[in-house]
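The file data.csv comes next; it holds CSV, C-alpha atoms.
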```csv
chain,number,residue,atom,x,y,z
A,124,GLN,CA,-48.2,50.2,53.4
A,125,VAL,CA,-45.4,49.9,55.9
A,126,GLN,CA,-44.7,52.3,58.8
A,127,LEU,CA,-41.6,52.5,60.9
A,128,MET,CA,-41.6,54.2,64.3
A,129,GLU,CA,-38.3,55.0,65.9
A,130,SER,CA,-37.6,56.0,69.5
A,131,GLY,CA,-34.8,56.3,72.0
A,132,GLY,CA,-32.7,59.1,70.7
A,133,GLY,CA,-31.5,62.0,72.8
A,134,LEU,CA,-28.6,63.8,74.4
A,135,VAL,CA,-25.9,61.8,76.1
A,136,GLN,CA,-22.4,62.5,77.4
A,137,PRO,CA,-19.3,61.0,75.7
A,138,GLY,CA,-18.8,57.5,76.9
A,139,GLY,CA,-22.5,57.0,77.6
A,140,SER,CA,-25.1,54.7,76.1
A,141,LEU,CA,-28.4,54.9,74.3
A,142,ARG,CA,-30.7,52.3,72.9
A,143,LEU,CA,-32.7,53.0,69.7
A,144,SER,CA,-35.8,51.1,68.8
A,145,CYS,CA,-37.7,50.8,65.5
A,146,ALA,CA,-41.1,49.1,65.3
A,147,ALA,CA,-42.5,48.2,61.9
A,148,SER,CA,-46.2,48.0,61.3
A,149,GLY,CA,-48.7,47.7,58.5
A,150,SER,CA,-48.2,45.3,55.6
A,151,ILE,CA,-45.4,43.2,57.2
A,152,PHE,CA,-45.2,39.7,56.0
A,153,SER,CA,-41.5,38.8,55.2
A,154,ILE,CA,-38.7,41.1,56.4
A,155,ASN,CA,-35.5,40.1,54.7
A,156,ALA,CA,-33.2,42.5,56.7
A,157,MET,CA,-33.4,45.4,59.1
A,158,GLY,CA,-30.8,48.0,59.8
A,159,TRP,CA,-29.7,51.5,60.6
A,160,TYR,CA,-28.1,54.4,58.8
A,161,ARG,CA,-27.1,57.8,60.1
A,162,GLN,CA,-26.6,61.3,58.8
A,163,ALA,CA,-24.5,63.9,60.4
A,164,PRO,CA,-24.8,67.6,59.5
A,165,GLY,CA,-23.2,68.4,56.2
A,166,LYS,CA,-22.4,64.7,55.5
A,167,GLN,CA,-23.9,62.0,53.4
A,168,ARG,CA,-26.1,59.3,55.0
A,169,GLU,CA,-23.9,56.3,56.0
A,170,PHE,CA,-24.4,52.7,56.9
A,171,VAL,CA,-24.3,51.8,60.6
A,172,ALA,CA,-25.5,48.2,61.1
A,173,LEU,CA,-27.6,45.4,59.5
A,174,ILE,CA,-29.2,42.3,60.7
A,175,THR,CA,-30.6,39.7,58.4
A,176,SER,CA,-33.7,37.4,58.7
A,177,LEU,CA,-31.3,34.6,59.8
A,178,GLY,CA,-29.7,36.8,62.4
A,179,GLY,CA,-26.5,37.6,60.6
A,180,THR,CA,-25.1,41.0,61.4
A,181,ASN,CA,-22.8,43.5,59.8
A,182,TYR,CA,-21.4,46.8,61.2
A,183,ALA,CA,-19.6,49.8,59.9
A,184,ASP,CA,-16.0,49.8,61.1
A,185,SER,CA,-16.5,53.0,63.0
A,186,VAL,CA,-19.0,51.3,65.4
A,187,LYS,CA,-17.7,47.8,65.6
A,188,GLY,CA,-17.3,46.7,69.2
A,189,ARG,CA,-19.4,49.6,70.5
A,190,PHE,CA,-22.8,49.1,68.8
A,191,THR,CA,-25.0,46.0,68.8
A,192,ILE,CA,-28.0,45.5,66.5
A,193,SER,CA,-30.7,43.0,67.4
A,194,ARG,CA,-34.3,42.2,66.5
A,195,ASP,CA,-37.5,40.8,67.9
A,196,SER,CA,-39.1,39.1,65.0
A,197,ALA,CA,-42.4,38.5,66.9
A,198,LYS,CA,-42.7,42.2,67.4
A,199,ASN,CA,-41.2,43.3,64.0
A,200,THR,CA,-38.9,45.5,66.0
A,201,GLU,CA,-35.2,46.1,65.8
A,202,TYR,CA,-32.8,47.7,68.3
A,203,LEU,CA,-29.5,49.4,68.2
A,204,GLN,CA,-27.6,49.4,71.5
A,205,MET,CA,-25.0,52.1,71.4
A,206,ASN,CA,-22.2,52.1,74.0
A,207,SER,CA,-19.1,54.1,74.5
A,208,LEU,CA,-20.6,56.9,72.5
A,209,LYS,CA,-18.3,59.5,70.9
A,210,PRO,CA,-19.1,63.1,69.7
A,211,GLU,CA,-18.6,61.8,66.2
A,212,ASP,CA,-21.6,59.5,66.6
A,213,THR,CA,-23.8,62.6,66.7
A,214,ALA,CA,-26.3,62.3,63.8
A,215,VAL,CA,-29.8,61.6,62.9
A,216,TYR,CA,-30.3,57.8,62.9
A,217,TYR,CA,-32.6,56.2,60.5
A,218,CYS,CA,-33.9,52.7,60.7
A,219,TYR,CA,-35.0,50.7,57.6
A,220,ILE,CA,-36.4,47.3,56.7
A,221,ARG,CA,-36.1,45.5,53.4
A,222,GLN,CA,-39.1,43.5,52.3
A,223,ASN,CA,-39.3,41.9,48.8
A,224,ARG,CA,-36.4,44.1,47.6
A,225,VAL,CA,-38.1,47.3,48.8
A,226,ASP,CA,-36.6,49.5,51.5
A,227,TYR,CA,-38.8,51.3,53.9
A,228,TRP,CA,-37.4,54.1,56.1
A,229,GLY,CA,-38.2,55.6,59.5
A,230,GLN,CA,-38.5,59.3,60.1
A,231,GLY,CA,-35.2,59.5,61.9
A,232,THR,CA,-34.2,60.2,65.5
A,233,GLN,CA,-31.6,62.6,66.7
A,234,VAL,CA,-28.6,61.4,68.7
A,235,THR,CA,-26.4,64.0,70.2
A,236,VAL,CA,-23.2,63.1,72.1
A,237,SER,CA,-21.8,66.1,73.9
A,238,SER,CA,-20.6,67.2,77.3
```
Represent the structure of the file as structure tokens.
Amino acid sequence: QVQLMESGGGLVQPGGSLRLSCAASGSIFSINAMGWYRQAPGKQREFVALITSLGGTNYADSVKGRFTISRDSAKNTEYLQMNSLKPEDTAVYYCYIRQNRVDYWGQGTQVTVSS
């Protein structure tokens, strides 16, 4: 069994920054990829960022240049550094990992961008 624990969400003013963390534990032996999705009220869950086991990254166009995904393989932890936040970034952010073609999800952490 795999567990993901997220942290770092909160309330921030437009233009501010937040750093999300997601620590994986349990039956971890070969993570293929780690990433983040988000879901705003009344909207579908959407892709935000991905990092592969080789360190390759991919971002949604809406966050390119503002968000940075990274990972600490020794700790089975991924991070999402979010800068220049906008009100439209307000959402519940979910981390996930892919291991042996199975996706595991975190419980979600709320990010609210508002003045």
request  = Would you mind telling me which residue in A:Arg194, A:Ser207, A:Ala147, A:Gly132 lies nearest to A:Thr175 when using all atoms listed in the file?
outcome  =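 Smallest distance to A:Thr175 is found for A:Arg194.
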Which residues, written as a PDB file with C-alpha atoms, keeping the file's coordinate frame, have at least one atom at most 12 Å from A:Gln126, with all atoms listed in the file counted and residues fewer than 5 positions away on the same chain left out?
```pdb
ATOM      1  CA  CYS A 145     -37.700  50.800  65.500  1.00  0.00           C
ATOM      2  CA  ALA A 146     -41.100  49.100  65.300  1.00  0.00           C
ATOM      3  CA  ALA A 147     -42.500  48.200  61.900  1.00  0.00           C
ATOM      4  CA  SER A 148     -46.200  48.000  61.300  1.00  0.00           C
ATOM      5  CA  GLY A 149     -48.700  47.700  58.500  1.00  0.00           C
ATOM      6  CA  SER A 150     -48.200  45.300  55.600  1.00  0.00           C
ATOM      7  CA  ILE A 151     -45.400  43.200  57.200  1.00  0.00           C
ATOM      8  CA  ASN A 199     -41.200  43.300  64.000  1.00  0.00           C
ATOM      9  CA  THR A 200     -38.900  45.500  66.000  1.00  0.00           C
ATOM     10  CA  CYS A 218     -33.900  52.700  60.700  1.00  0.00           C
ATOM     11  CA  TYR A 219     -35.000  50.700  57.600  1.00  0.00           C
ATOM     12  CA  ILE A 220     -36.400  47.300  56.700  1.00  0.00           C
ATOM     13  CA  ASP A 226     -36.600  49.500  51.500  1.00  0.00           C
ATOM     14  CA  TYR A 227     -38.800  51.300  53.900  1.00  0.00           C
ATOM     15  CA  TRP A 228     -37.400  54.100  56.100  1.00  0.00           C
ATOM     16  CA  GLY A 229     -38.200  55.600  59.500  1.00  0.00           C
ATOM     17  CA  GLN A 230     -38.500  59.300  60.100  1.00  0.00           C
TER      18      GLN A 230
END
```
note = Expressed in Å, the length from atom CA of A:Ser185 to atom CA of A:Leu127 is 25.2 Å
key: 6 Å contact set for A:Gly231, all atoms listed in the file, chain neighbours under 6 positions out, as a ChimeraX atom specification   = /A:215-217
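By all atoms listed in the file, and with residues fewer than 2 positions from A:Glu169 along its chain excluded, the set lying at most 10 Å from it is Trp159, Tyr160, Arg161, Gln162, Ala163, Lys166, Gln167, Val171, Ala172, Ala183, Tyr216 and Tyr217 of chain A.
Note that atom CA of A:Ala156 and atom CA of A:Lys209 are 26.7 Å apart.
The smallest atom-to-atom distance between A:Val225 and any of A:Ile154, A:Met128, A:Leu143, A:Ile192, using only C-alpha atoms, is found for A:Ile154.
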task = Enter the distance from atom CA of A:Arg224 to atom CA of A:Met157, in Å, rounded to one decimal.
result = 12.0 Å
